[in-house]
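Structure data (JSON, C-alpha atoms and all ligand atoms) from final_9.json:
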```
[["chain", "number", "residue", "atom", "x", "y", "z"],
["N", 782, "MET", "CA", 118.34, 92.35, 103.31],
["N", 783, "THR", "CA", 119.79, 93.26, 99.91],
["N", 784, "ALA", "CA", 123.36, 94.48, 99.49],
["N", 785, "ALA", "CA", 121.91, 97.75, 98.18],
["N", 786, "ALA", "CA", 119.85, 98.20, 101.37],
["N", 787, "ASP", "CA", 123.00, 97.60, 103.46],
["N", 788, "HIS", "CA", 124.78, 100.28, 101.46],
["N", 789, "VAL", "CA", 121.96, 102.81, 101.95],
["N", 790, "LEU", "CA", 121.16, 102.02, 105.60],
["N", 791, "VAL", "CA", 124.61, 102.94, 106.90],
["N", 792, "GLN", "CA", 124.08, 106.45, 105.53],
["N", 793, "LEU", "CA", 120.43, 106.86, 106.54],
["N", 794, "GLN", "CA", 121.18, 107.44, 110.22],
["N", 795, "GLY", "CA", 117.88, 106.06, 111.46],
["N", 796, "LYS", "CA", 115.57, 108.11, 109.21],
["N", 797, "GLN", "CA", 113.70, 105.14, 107.83],
["N", 798, "PRO", "CA", 111.22, 105.63, 104.97],
["N", 799, "ARG", "CA", 107.75, 104.14, 105.40],
["N", 800, "THR", "CA", 106.54, 104.59, 101.85],
["N", 801, "GLY", "CA", 108.24, 103.58, 98.63],
["N", 802, "LEU", "CA", 107.38, 105.50, 95.48],
["N", 803, "ILE", "CA", 108.20, 104.47, 91.92],
["N", 804, "LEU", "CA", 107.97, 107.25, 89.37],
["N", 805, "GLY", "CA", 106.91, 106.30, 85.85],
["N", 806, "SER", "CA", 107.47, 108.01, 82.52],
["N", 807, "GLY", "CA", 106.91, 111.75, 82.63],
["N", 808, "LEU", "CA", 106.82, 111.84, 86.43],
["N", 809, "ASN", "CA", 110.52, 111.76, 87.24],
["N", 810, "ASP", "CA", 110.71, 115.48, 88.04],
["N", 811, "LEU", "CA", 108.51, 114.98, 91.08],
["N", 812, "ALA", "CA", 111.53, 113.60, 92.95],
["N", 813, "ASP", "CA", 113.18, 117.01, 92.65],
["N", 814, "GLY", "CA", 110.64, 118.24, 95.22],
["N", 815, "ILE", "CA", 111.83, 115.78, 97.88],
["N", 816, "GLU", "CA", 113.35, 117.64, 100.83],
["N", 817, "ASP", "CA", 116.37, 116.76, 102.98],
["N", 818, "SER", "CA", 117.28, 114.25, 100.33],
["N", 819, "LEU", "CA", 119.95, 111.61, 100.23],
["N", 820, "VAL", "CA", 120.48, 110.49, 96.63],
["N", 821, "PHE", "CA", 122.04, 107.32, 95.24],
["N", 822, "ASP", "CA", 122.63, 106.54, 91.57],
["N", 823, "TYR", "CA", 121.43, 103.03, 90.76],
["N", 824, "ALA", "CA", 124.93, 102.43, 89.40],
["N", 825, "ASP", "CA", 126.28, 102.83, 92.95],
["N", 826, "LEU", "CA", 123.78, 100.40, 94.50],
["N", 827, "PRO", "CA", 125.03, 96.80, 94.50],
["N", 828, "GLY", "CA", 122.80, 94.54, 92.40],
["N", 829, "PHE", "CA", 120.62, 97.35, 91.02],
["N", 830, "PRO", "CA", 120.05, 97.12, 87.26],
["N", 831, "ALA", "CA", 120.81, 100.28, 85.27],
["N", 832, "ALA", "CA", 117.87, 102.44, 84.07],
["N", 833, "THR", "CA", 118.21, 103.03, 80.33],
["N", 834, "ALA", "CA", 114.72, 104.21, 79.30],
["N", 835, "PRO", "CA", 114.39, 107.83, 78.17],
["N", 836, "SER", "CA", 113.44, 110.25, 80.97],
["N", 837, "HIS", "CA", 114.04, 107.62, 83.66],
["N", 838, "ARG", "CA", 116.74, 109.17, 85.77],
["N", 839, "GLY", "CA", 118.06, 106.09, 87.59],
["N", 840, "ARG", "CA", 118.36, 107.46, 91.12],
["N", 841, "LEU", "CA", 117.07, 106.36, 94.53],
["N", 842, "VAL", "CA", 116.06, 109.50, 96.43],
["N", 843, "LEU", "CA", 115.38, 109.30, 100.17],
["N", 844, "GLY", "CA", 113.86, 112.22, 102.01],
["N", 845, "GLU", "CA", 110.60, 113.94, 102.82],
["N", 846, "LEU", "CA", 107.58, 114.79, 100.67],
["N", 847, "GLU", "CA", 104.69, 116.52, 102.44],
["N", 848, "GLY", "CA", 106.55, 115.76, 105.66],
["N", 849, "ARG", "CA", 106.43, 112.02, 105.03],
["N", 850, "ALA", "CA", 109.60, 109.93, 104.95],
["N", 851, "ILE", "CA", 109.76, 108.27, 101.54],
["N", 852, "ALA", "CA", 112.16, 106.32, 99.37],
["N", 853, "CYS", "CA", 111.63, 107.21, 95.75],
["N", 854, "MET", "CA", 112.83, 105.39, 92.68],
["N", 855, "GLN", "CA", 113.34, 108.24, 90.24],
["N", 856, "GLY", "CA", 113.01, 106.11, 87.16],
["N", 857, "ARG", "CA", 112.30, 102.42, 86.87],
["N", 858, "ILE", "CA", 113.78, 99.44, 85.13],
["N", 859, "HIS", "CA", 111.64, 97.72, 82.48],
["N", 860, "LEU", "CA", 111.77, 94.19, 81.10],
["N", 861, "TYR", "CA", 112.17, 95.65, 77.60],
["N", 862, "GLU", "CA", 115.59, 96.93, 78.63],
["N", 863, "GLY", "CA", 116.77, 93.34, 78.41],
["N", 864, "VAL", "CA", 117.35, 92.71, 82.11],
["N", 865, "ASP", "CA", 116.90, 89.36, 83.82],
["N", 866, "PRO", "CA", 113.31, 89.42, 85.19],
["N", 867, "ALA", "CA", 114.65, 88.38, 88.62],
["N", 868, "ALA", "CA", 116.71, 91.60, 88.73],
["N", 869, "LEU", "CA", 113.46, 93.60, 88.88],
["N", 870, "ALA", "CA", 112.93, 92.18, 92.38],
["N", 871, "ILE", "CA", 116.03, 93.86, 93.81],
["N", 872, "PRO", "CA", 114.75, 97.47, 93.99],
["N", 873, "ILE", "CA", 111.48, 96.37, 95.64],
["N", 874, "ARG", "CA", 113.24, 94.17, 98.19],
["N", 875, "THR", "CA", 115.59, 97.06, 98.87],
["N", 876, "LEU", "CA", 112.67, 99.42, 99.57],
["N", 877, "LYS", "CA", 111.18, 96.83, 101.91],
["N", 878, "ALA", "CA", 114.51, 96.30, 103.71],
["N", 879, "LEU", "CA", 114.83, 100.08, 104.17],
["N", 880, "GLY", "CA", 111.55, 100.05, 106.10],
["N", 881, "CYS", "CA", 108.86, 100.64, 103.46],
["N", 882, "GLU", "CA", 105.66, 98.80, 104.35],
["N", 883, "GLN", "CA", 103.72, 100.40, 101.52],
["N", 884, "LEU", "CA", 104.50, 101.10, 97.89],
["N", 885, "ILE", "CA", 103.03, 103.59, 95.44],
["N", 886, "VAL", "CA", 103.70, 102.66, 91.81],
["N", 887, "THR", "CA", 102.97, 105.05, 88.94],
["N", 888, "ASN", "CA", 103.09, 104.55, 85.20],
["N", 889, "ALA", "CA", 102.10, 105.94, 81.84],
["N", 890, "ALA", "CA", 99.54, 103.78, 80.04],
["N", 891, "GLY", "CA", 97.42, 103.50, 76.92],
["N", 892, "SER", "CA", 93.65, 103.45, 77.48],
["N", 893, "LEU", "CA", 91.32, 100.74, 76.18],
["N", 894, "ASP", "CA", 88.28, 102.45, 77.66],
["N", 895, "PRO", "CA", 86.74, 105.28, 75.62],
["N", 896, "ALA", "CA", 85.70, 106.92, 78.91],
["N", 897, "LYS", "CA", 89.33, 107.21, 80.06],
["N", 898, "ARG", "CA", 90.80, 109.87, 77.79],
["N", 899, "PRO", "CA", 94.45, 110.96, 77.65],
["N", 900, "GLY", "CA", 95.17, 112.97, 80.79],
["N", 901, "SER", "CA", 92.93, 110.75, 82.97],
["N", 902, "ILE", "CA", 94.27, 109.05, 86.07],
["N", 903, "MET", "CA", 93.29, 105.48, 86.95],
["N", 904, "ALA", "CA", 93.72, 103.66, 90.26],
["N", 905, "ILE", "CA", 94.72, 100.10, 89.42],
["N", 906, "THR", "CA", 92.26, 97.61, 90.94],
["N", 907, "ASP", "CA", 93.91, 94.49, 89.53],
["N", 908, "HIS", "CA", 96.28, 93.41, 86.77],
["N", 909, "ILE", "CA", 96.77, 90.91, 83.98],
["N", 910, "ASN", "CA", 100.33, 89.72, 83.43],
["N", 911, "LEU", "CA", 100.93, 89.11, 79.72],
["N", 912, "MET", "CA", 104.67, 89.78, 79.95],
["N", 913, "GLY", "CA", 105.48, 86.09, 79.73],
["N", 914, "ALA", "CA", 107.94, 86.60, 82.56],
["N", 915, "ASN", "CA", 107.90, 86.66, 86.34],
["N", 916, "PRO", "CA", 110.54, 88.21, 88.63],
["N", 917, "LEU", "CA", 110.00, 85.40, 91.15],
["N", 918, "ALA", "CA", 110.94, 82.59, 88.75],
["N", 919, "ALA", "CA", 114.17, 81.86, 90.60],
["N", 920, "PRO", "CA", 115.51, 79.55, 93.31],
["N", 921, "PRO", "CA", 113.40, 80.16, 96.43],
["N", 922, "ASP", "CA", 114.69, 82.16, 99.38],
["N", 923, "ASP", "CA", 112.48, 82.12, 102.49],
["N", 924, "ASN", "CA", 113.65, 85.64, 103.38],
["N", 925, "ASP", "CA", 111.77, 87.06, 100.39],
["N", 926, "GLY", "CA", 108.38, 85.74, 101.45],
["N", 927, "PRO", "CA", 106.32, 82.69, 100.54],
["N", 928, "ARG", "CA", 106.76, 81.06, 97.15],
["N", 929, "PHE", "CA", 103.03, 80.47, 96.61],
["N", 930, "PHE", "CA", 100.82, 83.35, 97.70],
["N", 931, "PRO", "CA", 97.54, 84.96, 96.61],
["N", 932, "MET", "CA", 97.27, 88.07, 94.45],
["N", 933, "ASN", "CA", 93.57, 88.71, 95.20],
["N", 934, "GLU", "CA", 94.28, 92.01, 96.96],
["N", 935, "ALA", "CA", 97.70, 92.84, 95.54],
["N", 936, "TYR", "CA", 96.38, 96.41, 95.05],
["N", 937, "THR", "CA", 95.39, 97.20, 98.61],
["N", 938, "PRO", "CA", 91.73, 98.29, 98.86],
["N", 939, "ASP", "CA", 92.24, 100.67, 101.77],
["N", 940, "LEU", "CA", 95.07, 102.54, 100.02],
["N", 941, "ARG", "CA", 92.84, 102.87, 96.97],
["N", 942, "ALA", "CA", 90.04, 104.21, 99.15],
["N", 943, "HIS", "CA", 92.46, 106.83, 100.51],
["N", 944, "ALA", "CA", 93.44, 107.73, 96.95],
["N", 945, "HIS", "CA", 89.78, 108.25, 96.00],
["N", 946, "ALA", "CA", 89.17, 110.40, 99.08],
["N", 947, "ALA", "CA", 92.31, 112.44, 98.36],
["N", 948, "ALA", "CA", 91.31, 112.89, 94.70],
["N", 949, "ALA", "CA", 87.81, 114.03, 95.64],
["N", 950, "ALA", "CA", 89.21, 116.51, 98.16],
["N", 951, "ILE", "CA", 91.39, 118.22, 95.54],
["N", 952, "GLY", "CA", 88.89, 117.99, 92.68],
["N", 953, "ILE", "CA", 90.62, 115.35, 90.55],
["N", 954, "THR", "CA", 88.62, 112.59, 88.85],
["N", 955, "LEU", "CA", 90.14, 109.23, 89.70],
["N", 956, "HIS", "CA", 89.00, 106.24, 87.65],
["N", 957, "ASP", "CA", 89.34, 102.58, 88.65],
["N", 958, "GLY", "CA", 90.49, 99.87, 86.27],
["N", 959, "VAL", "CA", 92.50, 96.81, 85.34],
["N", 960, "TYR", "CA", 96.06, 97.26, 84.05],
["N", 961, "LEU", "CA", 97.44, 94.78, 81.54],
["N", 962, "ALA", "CA", 101.21, 94.51, 81.18],
["N", 963, "VAL", "CA", 103.11, 93.56, 78.04],
["N", 964, "THR", "CA", 106.88, 93.42, 77.68],
["N", 965, "GLY", "CA", 107.18, 96.02, 74.92],
["N", 966, "PRO", "CA", 109.08, 97.97, 73.75],
["N", 967, "ASN", "CA", 106.83, 98.27, 70.68],
["N", 968, "PHE", "CA", 103.28, 99.49, 71.11],
["N", 969, "GLU", "CA", 100.55, 96.91, 70.54],
["N", 970, "THR", "CA", 98.76, 95.96, 67.33],
["N", 971, "PRO", "CA", 95.08, 96.94, 67.07],
["N", 972, "ALA", "CA", 94.20, 93.21, 67.10],
["N", 973, "GLU", "CA", 96.08, 92.78, 70.39],
["N", 974, "ILE", "CA", 94.23, 95.73, 71.89],
["N", 975, "ARG", "CA", 90.86, 94.27, 70.81],
["N", 976, "ALA", "CA", 91.89, 90.96, 72.41],
["N", 977, "PHE", "CA", 93.01, 92.72, 75.63],
["N", 978, "ALA", "CA", 89.68, 94.56, 75.85],
["N", 979, "THR", "CA", 87.92, 91.19, 75.67],
["N", 980, "LEU", "CA", 90.14, 89.98, 78.49],
["N", 981, "GLY", "CA", 88.95, 92.81, 80.71],
["N", 982, "ALA", "CA", 91.80, 95.30, 80.48],
["N", 983, "ASP", "CA", 91.17, 99.03, 80.86],
["N", 984, "ALA", "CA", 94.76, 100.18, 80.35],
["N", 985, "VAL", "CA", 97.94, 98.72, 78.88],
["N", 986, "GLY", "CA", 101.57, 99.39, 79.69],
["N", 987, "MET", "CA", 105.07, 97.97, 79.93],
["N", 988, "SER", "CA", 105.80, 98.10, 83.64],
["N", 989, "THR", "CA", 104.45, 97.90, 87.19],
["N", 990, "VAL", "CA", 103.31, 94.25, 87.23],
["N", 991, "PRO", "CA", 106.73, 92.73, 88.11],
["N", 992, "GLU", "CA", 107.14, 95.28, 90.92],
["N", 993, "VAL", "CA", 103.69, 94.58, 92.34],
["N", 994, "ILE", "CA", 104.26, 90.80, 92.26],
["N", 995, "VAL", "CA", 107.45, 91.24, 94.32],
["N", 996, "ALA", "CA", 105.76, 93.69, 96.70],
["N", 997, "ALA", "CA", 102.86, 91.28, 97.25],
["N", 998, "GLN", "CA", 105.28, 88.47, 98.07],
["N", 999, "ALA", "CA", 107.02, 90.79, 100.53],
["N", 1000, "GLY", "CA", 103.69, 91.62, 102.20],
["N", 1001, "MET", "CA", 103.77, 95.30, 101.20],
["N", 1002, "LYS", "CA", 100.59, 97.31, 100.71],
["N", 1003, "VAL", "CA", 100.36, 98.69, 97.16],
["N", 1004, "LEU", "CA", 98.70, 101.65, 95.47],
["N", 1005, "GLY", "CA", 98.99, 101.67, 91.66],
["N", 1006, "LEU", "CA", 98.25, 104.78, 89.61],
["N", 1007, "SER", "CA", 98.18, 104.87, 85.82],
["N", 1008, "MET", "CA", 98.34, 108.15, 83.95],
["N", 1009, "VAL", "CA", 96.59, 107.70, 80.61],
["N", 1010, "THR", "CA", 98.88, 109.23, 77.98],
["N", 1011, "ASN", "CA", 97.16, 107.97, 74.82],
["N", 1012, "MET", "CA", 94.33, 105.86, 73.49],
["N", 1013, "ALA", "CA", 95.61, 102.33, 72.82],
["N", 1014, "ALA", "CA", 96.31, 101.21, 69.25],
["N", 1015, "GLY", "CA", 93.24, 101.19, 67.03],
["N", 1016, "LEU", "CA", 91.15, 103.34, 69.39],
["N", 1017, "ALA", "CA", 92.23, 106.69, 67.97],
["N", 1018, "ASP", "CA", 92.70, 107.95, 64.43],
["N", 1019, "ASP", "CA", 96.46, 107.94, 64.82],
["N", 1020, "ALA", "CA", 98.77, 105.22, 66.10],
["N", 1021, "PRO", "CA", 100.34, 105.82, 69.52],
["N", 1022, "THR", "CA", 103.80, 107.38, 69.53],
["N", 1023, "ALA", "CA", 106.50, 107.98, 72.13],
["N", 1024, "GLU", "CA", 106.15, 111.73, 71.49],
["N", 1025, "GLU", "CA", 102.43, 111.60, 72.30],
["N", 1026, "VAL", "CA", 103.17, 109.70, 75.52],
["N", 1027, "ARG", "CA", 105.85, 112.24, 76.48],
["N", 1028, "GLU", "CA", 103.72, 115.28, 75.66],
["N", 1029, "THR", "CA", 100.61, 114.09, 77.50],
["N", 1030, "ALA", "CA", 102.72, 113.01, 80.48],
["N", 1031, "ALA", "CA", 104.25, 116.49, 80.62],
["N", 1032, "THR", "CA", 100.81, 118.11, 80.96],
["N", 1033, "ALA", "CA", 99.00, 115.44, 83.00],
["N", 1034, "GLY", "CA", 101.96, 114.89, 85.31],
["N", 1035, "GLY", "CA", 101.01, 117.93, 87.38],
["N", 1036, "ASP", "CA", 97.69, 116.33, 88.39],
["N", 1037, "VAL", "CA", 99.43, 113.08, 89.30],
["N", 1038, "GLU", "CA", 101.89, 115.01, 91.47],
["N", 1039, "ARG", "CA", 99.07, 116.86, 93.26],
["N", 1040, "LEU", "CA", 97.28, 113.57, 93.82],
["N", 1041, "LEU", "CA", 100.41, 111.83, 95.11],
["N", 1042, "ARG", "CA", 101.05, 114.63, 97.58],
["N", 1043, "ALA", "CA", 97.44, 114.52, 98.80],
["N", 1044, "VAL", "CA", 97.61, 110.73, 99.14],
["N", 1045, "LEU", "CA", 100.85, 110.90, 101.12],
["N", 1046, "LEU", "CA", 99.27, 113.35, 103.54],
["N", 1047, "ARG", "CA", 96.44, 110.90, 104.14],
["N", 1048, "ILE", "CA", 98.40, 107.66, 104.42],
["N", 1049, "GLY", "CA", 101.30, 108.98, 106.45],
["N", 1101, "LIG", "N1", 100.94, 100.72, 75.22],
["N", 1101, "LIG", "C1", 101.89, 100.24, 76.05],
["N", 1101, "LIG", "N2", 102.55, 101.00, 76.92],
["N", 1101, "LIG", "C2", 102.23, 102.30, 76.98],
["N", 1101, "LIG", "C3", 101.24, 102.87, 76.16],
["N", 1101, "LIG", "C4", 100.56, 102.03, 75.23],
["N", 1101, "LIG", "O1", 99.67, 102.46, 74.47],
["N", 1101, "LIG", "N3", 101.18, 104.19, 76.47],
["N", 1101, "LIG", "C5", 102.08, 104.40, 77.46],
["N", 1101, "LIG", "N4", 102.73, 103.26, 77.77]]
```
Using structure tokens, write down the structure that the file contains.
Amino acid sequence: MTAAADHVLVQLQGKQPRTGLILGSGLNDLADGIEDSLVFDYADLPGFPAATAPSHRGRLVLGELEGRAIACMQGRIHLYEGVDPAALAIPIRTLKALGCEQLIVTNAAGSLDPAKRPGSIMAITDHINLMGANPLAAPPDDNDGPRFFPMNEAYTPDLRAHAHAAAAAIGITLHDGVYLAVTGPNFETPAEIRAFATLGADAVGMSTVPEVIVAAQAGMKVLGLSMVTNMAAGLADDAPTAEEVRETAATAGGDVERLLRAVLLRIG
């Protein structure tokens, strides 16, 4: 139990969320559609790091989406904000302590695959951690889960199957692929992107991996969705920019929202 979960639980009055949702860049507005909501600023949650990235609102929103009880992180905390990697574990452990057995993580990402154009959505099948940091590198606490555990199915196959079925039902193309995480905050060099393609990456971004590591340790099921906002460095005529990421996210975000709602209906 985290201190933040204690703080939230006294006000929840038994309405426990089953699904945690982390909204990435360009997707924060989705939380405004959550009904019967109870909202907490991260600043009011003991131990929560502050969210400083642009367009990340920094609020935990509990309530209903498509009739499903969810706990939504409206905005995430990134390693490039200079936080202690271990602090990234606190929001995930809080979601788990609130009752979430499954976690949906979303992000904006650059594509290394010419077939995944900006605006595409990719279900994450697996990841490569090139952040050089791990949120679990800390003194062990048996309450958090095992210290040594497998990551073979960190992205839960049956949740991904539900996502594909939901996407097909609403006419959205959902790709599969491997997400590679770097610390950022700068975009990559073209040489790095060529190297990452050789390693087997389909998309690159600056988030998600620490959260999924903590969720896997906690035994949570995970669905990861990347929204491709740009071609990675060297794969398009122009270098990636924050404006391009923001603009594509603003247009593609609607599809991600429709998909998330359809997935929630299926996974309950
Ligand atoms: N690289 C890293 N992170 C990103 C990118 C990218 O090209 N696009 C969106 N987030």
Task: Neighbours of point (120.1, 111.7, 85.2) within 10 Å, using all atoms listed in the file, written as a VMD selection string - done: chain N and resid 809 822 832 835 to 840 855 to 856
TODO: Compute the set of protein, DNA and RNA residues whose minimum atom distance to ligand LIG 1101 (chain N) is at most 6 Å, using all atoms listed in the file, and state it as a list in words.
DONE: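 These are the residues that qualify: Ala889, Ala890, Gly891, Phe968, Val985, Gly986, Met987, Thr1010, Asn1011, Ala1013 and Val1026 of chain N.
Distance annotation: of N:Ala997, N:Leu843, N:Ile1048, N:Ile871, the residue with the minimal separation from Met932 (chain N) is N:Ala997; atom set is all atoms listed in the file.
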TODO: Find, counting all atoms listed in the file, the residue in N:Ala878, N:Thr800, N:Phe977, N:Phe821 that gets nearest to Asp787 (chain N).
DONE: N:Ala878
Open item on the list: List as a list in words the protein and nucleic acid residues near Ile803 (chain N), meaning an atom at most 6 Å away when all atoms listed in the file are counted, but skip any in the same chain fewer than 2 places from it.
Closed with: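 With the cut-off at 6 Å, the set is Cys853, Met854 and Val886 of chain N.
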- [ ] Could you please determine the separation between CA of Ala1031 (chain N) and CA of Ile873 (chain N) in Å, to one decimal place?
- [x]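 Straight-line distance from CA of Ala1031 (chain N) to CA of Ile873 (chain N) works out to 26.1 Å.
The two atoms in question, CA of Thr875 (chain N) and CA of Ala786 (chain N), are spaced 5.1 Å apart.
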Open item on the list: Restricting the calculation to only C-alpha atoms: of N:Lys1002, N:Arg975, N:His859, N:Arg941, which residue gets closest to Ala834 (chain N)?
Closed with: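 Using only C-alpha atoms, Ala834 (chain N) sits closest to N:His859.
Proximity to Ala935 (chain N) was assessed for N:Gly1049, N:Gly828, N:Pro866, N:Gly1000 counting only C-alpha atoms; the smallest distance is recorded for N:Gly1000.
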Open item on the list: Excluding Leu879 (chain N) and its own-chain neighbours fewer than 4 positions away, which residues fall within 9 Å of it when counting only C-alpha atoms? Please give them as a PyMOL selection string.
Closed with: chain N and resi 782+786-787+789-790+797-799+852+874-875
Task: Spatial neighbours of Gly801 (chain N), 8 Å, only C-alpha atoms, chain gap at least 4 places, as a list of chain:residue names - done: N:Ile851, N:Ala852, N:Cys853, N:Met854, N:Leu876, N:Cys881, N:Glu882, N:Gln883, N:Leu884, N:Ile885
Open item on the list: What does the structure give for the distance between CA of Ala812 (chain N) and CA of Val842 (chain N), in Å to one decimal?
Closed with: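 Computed distance, CA of Ala812 (chain N) to CA of Val842 (chain N), equals 7.0 Å.
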TODO: Find the residues around Ala785 (chain N) up to 6 Å (all atoms listed in the file counted), leave out those fewer than 2 positions away in its own chain, and share them as a count of residues only.
DONE: 5
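Closest approach to Ala904 (chain N) among N:Gly965, N:Gly1005, N:Pro1021, N:Pro931 is made by N:Gly1005 (distances from only C-alpha atoms).
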TODO: Counting all atoms listed in the file, note down every residue that has an atom within 12 Å of the point (88.4, 114.3, 87.5) (file coordinates), as a list in words.
DONE: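 Checked against the point, the hits come out as Ala896, Lys897, Arg898, Gly900, Ser901, Ile902, Met903, His945, Ala947, Ala948, Ala949, Ala950, Ile951, Gly952, Ile953, Thr954, Leu955, His956, Asp957, Ala1033, Asp1036, Val1037 and Leu1040 of chain N.
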Size and centre in Å, one decimal, axis-aligned box, all listed region 966-980 of chain N atoms plus 6 Å per side, as JSON:
```
{"center_x": 98.5, "center_y": 94.7, "center_z": 72.8, "size_x": 33.2, "size_y": 21.5, "size_z": 23.4}
```
Open item on the list: Restricting the calculation to all atoms listed in the file: of N:Asp810, N:Asp983, N:Asp817, N:Glu1025, which residue gets closest to Ile909 (chain N)?
Closed with: N:Asp983
Open item on the list: Please list as a list in words every residue within 10 Å of Ile858 (chain N), counting only C-alpha atoms and excluding residues in the same chain fewer than 3 positions away.
Closed with: Gly805, Phe829, Pro830, Ala831, Ala832, Thr833, Ala834, His837, Gly839, Met854, Tyr861, Glu862, Gly863, Val864, Ala868, Leu869, Pro872, Ser988, Thr989 and Glu992 of chain N
Can you write out the residues you just picked, keeping C-alpha atoms, as a PDB file, in the coordinates of the input?
```pdb
ATOM      1  CA  GLY N 805     106.910 106.300  85.850  1.00  0.00           C
ATOM      2  CA  PHE N 829     120.620  97.350  91.020  1.00  0.00           C
ATOM      3  CA  PRO N 830     120.050  97.120  87.260  1.00  0.00           C
ATOM      4  CA  ALA N 831     120.810 100.280  85.270  1.00  0.00           C
ATOM      5  CA  ALA N 832     117.870 102.440  84.070  1.00  0.00           C
ATOM      6  CA  THR N 833     118.210 103.030  80.330  1.00  0.00           C
ATOM      7  CA  ALA N 834     114.720 104.210  79.300  1.00  0.00           C
ATOM      8  CA  HIS N 837     114.040 107.620  83.660  1.00  0.00           C
ATOM      9  CA  GLY N 839     118.060 106.090  87.590  1.00  0.00           C
ATOM     10  CA  MET N 854     112.830 105.390  92.680  1.00  0.00           C
ATOM     11  CA  TYR N 861     112.170  95.650  77.600  1.00  0.00           C
ATOM     12  CA  GLU N 862     115.590  96.930  78.630  1.00  0.00           C
ATOM     13  CA  GLY N 863     116.770  93.340  78.410  1.00  0.00           C
ATOM     14  CA  VAL N 864     117.350  92.710  82.110  1.00  0.00           C
ATOM     15  CA  ALA N 868     116.710  91.600  88.730  1.00  0.00           C
ATOM     16  CA  LEU N 869     113.460  93.600  88.880  1.00  0.00           C
ATOM     17  CA  PRO N 872     114.750  97.470  93.990  1.00  0.00           C
ATOM     18  CA  SER N 988     105.800  98.100  83.640  1.00  0.00           C
ATOM     19  CA  THR N 989     104.450  97.900  87.190  1.00  0.00           C
ATOM     20  CA  GLU N 992     107.140  95.280  90.920  1.00  0.00           C
TER      21      GLU N 992
END
```
N, CA and C atoms are needed for region 841-855 of chain N; please write them out as a PDB file, keeping the file's coordinate frame.
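Written out: out.pdb:
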```pdb
ATOM      1  N   LEU N 841     117.891 106.614  93.337  1.00  0.00           N
ATOM      2  CA  LEU N 841     117.070 106.360  94.530  1.00  0.00           C
ATOM      3  C   LEU N 841     117.199 107.593  95.411  1.00  0.00           C
ATOM      4  N   VAL N 842     116.053 108.243  95.667  1.00  0.00           N
ATOM      5  CA  VAL N 842     116.060 109.500  96.430  1.00  0.00           C
ATOM      6  C   VAL N 842     115.311 109.267  97.744  1.00  0.00           C
ATOM      7  N   LEU N 843     116.009 109.441  98.859  1.00  0.00           N
ATOM      8  CA  LEU N 843     115.380 109.300 100.170  1.00  0.00           C
ATOM      9  C   LEU N 843     115.229 110.672 100.790  1.00  0.00           C
ATOM     10  N   GLY N 844     114.068 110.908 101.397  1.00  0.00           N
ATOM     11  CA  GLY N 844     113.860 112.220 102.010  1.00  0.00           C
ATOM     12  C   GLY N 844     112.405 112.407 102.361  1.00  0.00           C
ATOM     13  N   GLU N 845     111.973 113.671 102.401  1.00  0.00           N
ATOM     14  CA  GLU N 845     110.600 113.940 102.820  1.00  0.00           C
ATOM     15  C   GLU N 845     109.791 114.614 101.718  1.00  0.00           C
ATOM     16  N   LEU N 846     108.546 114.149 101.551  1.00  0.00           N
ATOM     17  CA  LEU N 846     107.580 114.790 100.670  1.00  0.00           C
ATOM     18  C   LEU N 846     106.315 114.981 101.498  1.00  0.00           C
ATOM     19  N   GLU N 847     105.825 116.215 101.567  1.00  0.00           N
ATOM     20  CA  GLU N 847     104.690 116.520 102.440  1.00  0.00           C
ATOM     21  C   GLU N 847     104.953 116.049 103.873  1.00  0.00           C
ATOM     22  N   GLY N 848     106.202 116.132 104.287  1.00  0.00           N
ATOM     23  CA  GLY N 848     106.550 115.760 105.660  1.00  0.00           C
ATOM     24  C   GLY N 848     106.594 114.264 105.913  1.00  0.00           C
ATOM     25  N   ARG N 849     106.415 113.467 104.865  1.00  0.00           N
ATOM     26  CA  ARG N 849     106.430 112.020 105.030  1.00  0.00           C
ATOM     27  C   ARG N 849     107.761 111.450 104.545  1.00  0.00           C
ATOM     28  N   ALA N 850     108.320 110.533 105.327  1.00  0.00           N
ATOM     29  CA  ALA N 850     109.600 109.930 104.950  1.00  0.00           C
ATOM     30  C   ALA N 850     109.378 108.921 103.833  1.00  0.00           C
ATOM     31  N   ILE N 851     109.967 109.176 102.680  1.00  0.00           N
ATOM     32  CA  ILE N 851     109.760 108.270 101.540  1.00  0.00           C
ATOM     33  C   ILE N 851     111.096 107.855 100.921  1.00  0.00           C
ATOM     34  N   ALA N 852     111.030 106.763 100.195  1.00  0.00           N
ATOM     35  CA  ALA N 852     112.160 106.320  99.370  1.00  0.00           C
ATOM     36  C   ALA N 852     111.630 106.246  97.951  1.00  0.00           C
ATOM     37  N   CYS N 853     112.210 107.034  97.088  1.00  0.00           N
ATOM     38  CA  CYS N 853     111.630 107.210  95.750  1.00  0.00           C
ATOM     39  C   CYS N 853     112.580 106.689  94.677  1.00  0.00           C
ATOM     40  N   MET N 854     112.071 105.804  93.852  1.00  0.00           N
ATOM     41  CA  MET N 854     112.830 105.390  92.680  1.00  0.00           C
ATOM     42  C   MET N 854     112.534 106.383  91.553  1.00  0.00           C
ATOM     43  N   GLN N 855     113.504 107.236  91.292  1.00  0.00           N
ATOM     44  CA  GLN N 855     113.340 108.240  90.240  1.00  0.00           C
ATOM     45  C   GLN N 855     113.731 107.572  88.922  1.00  0.00           C
TER      46      GLN N 855
END
```
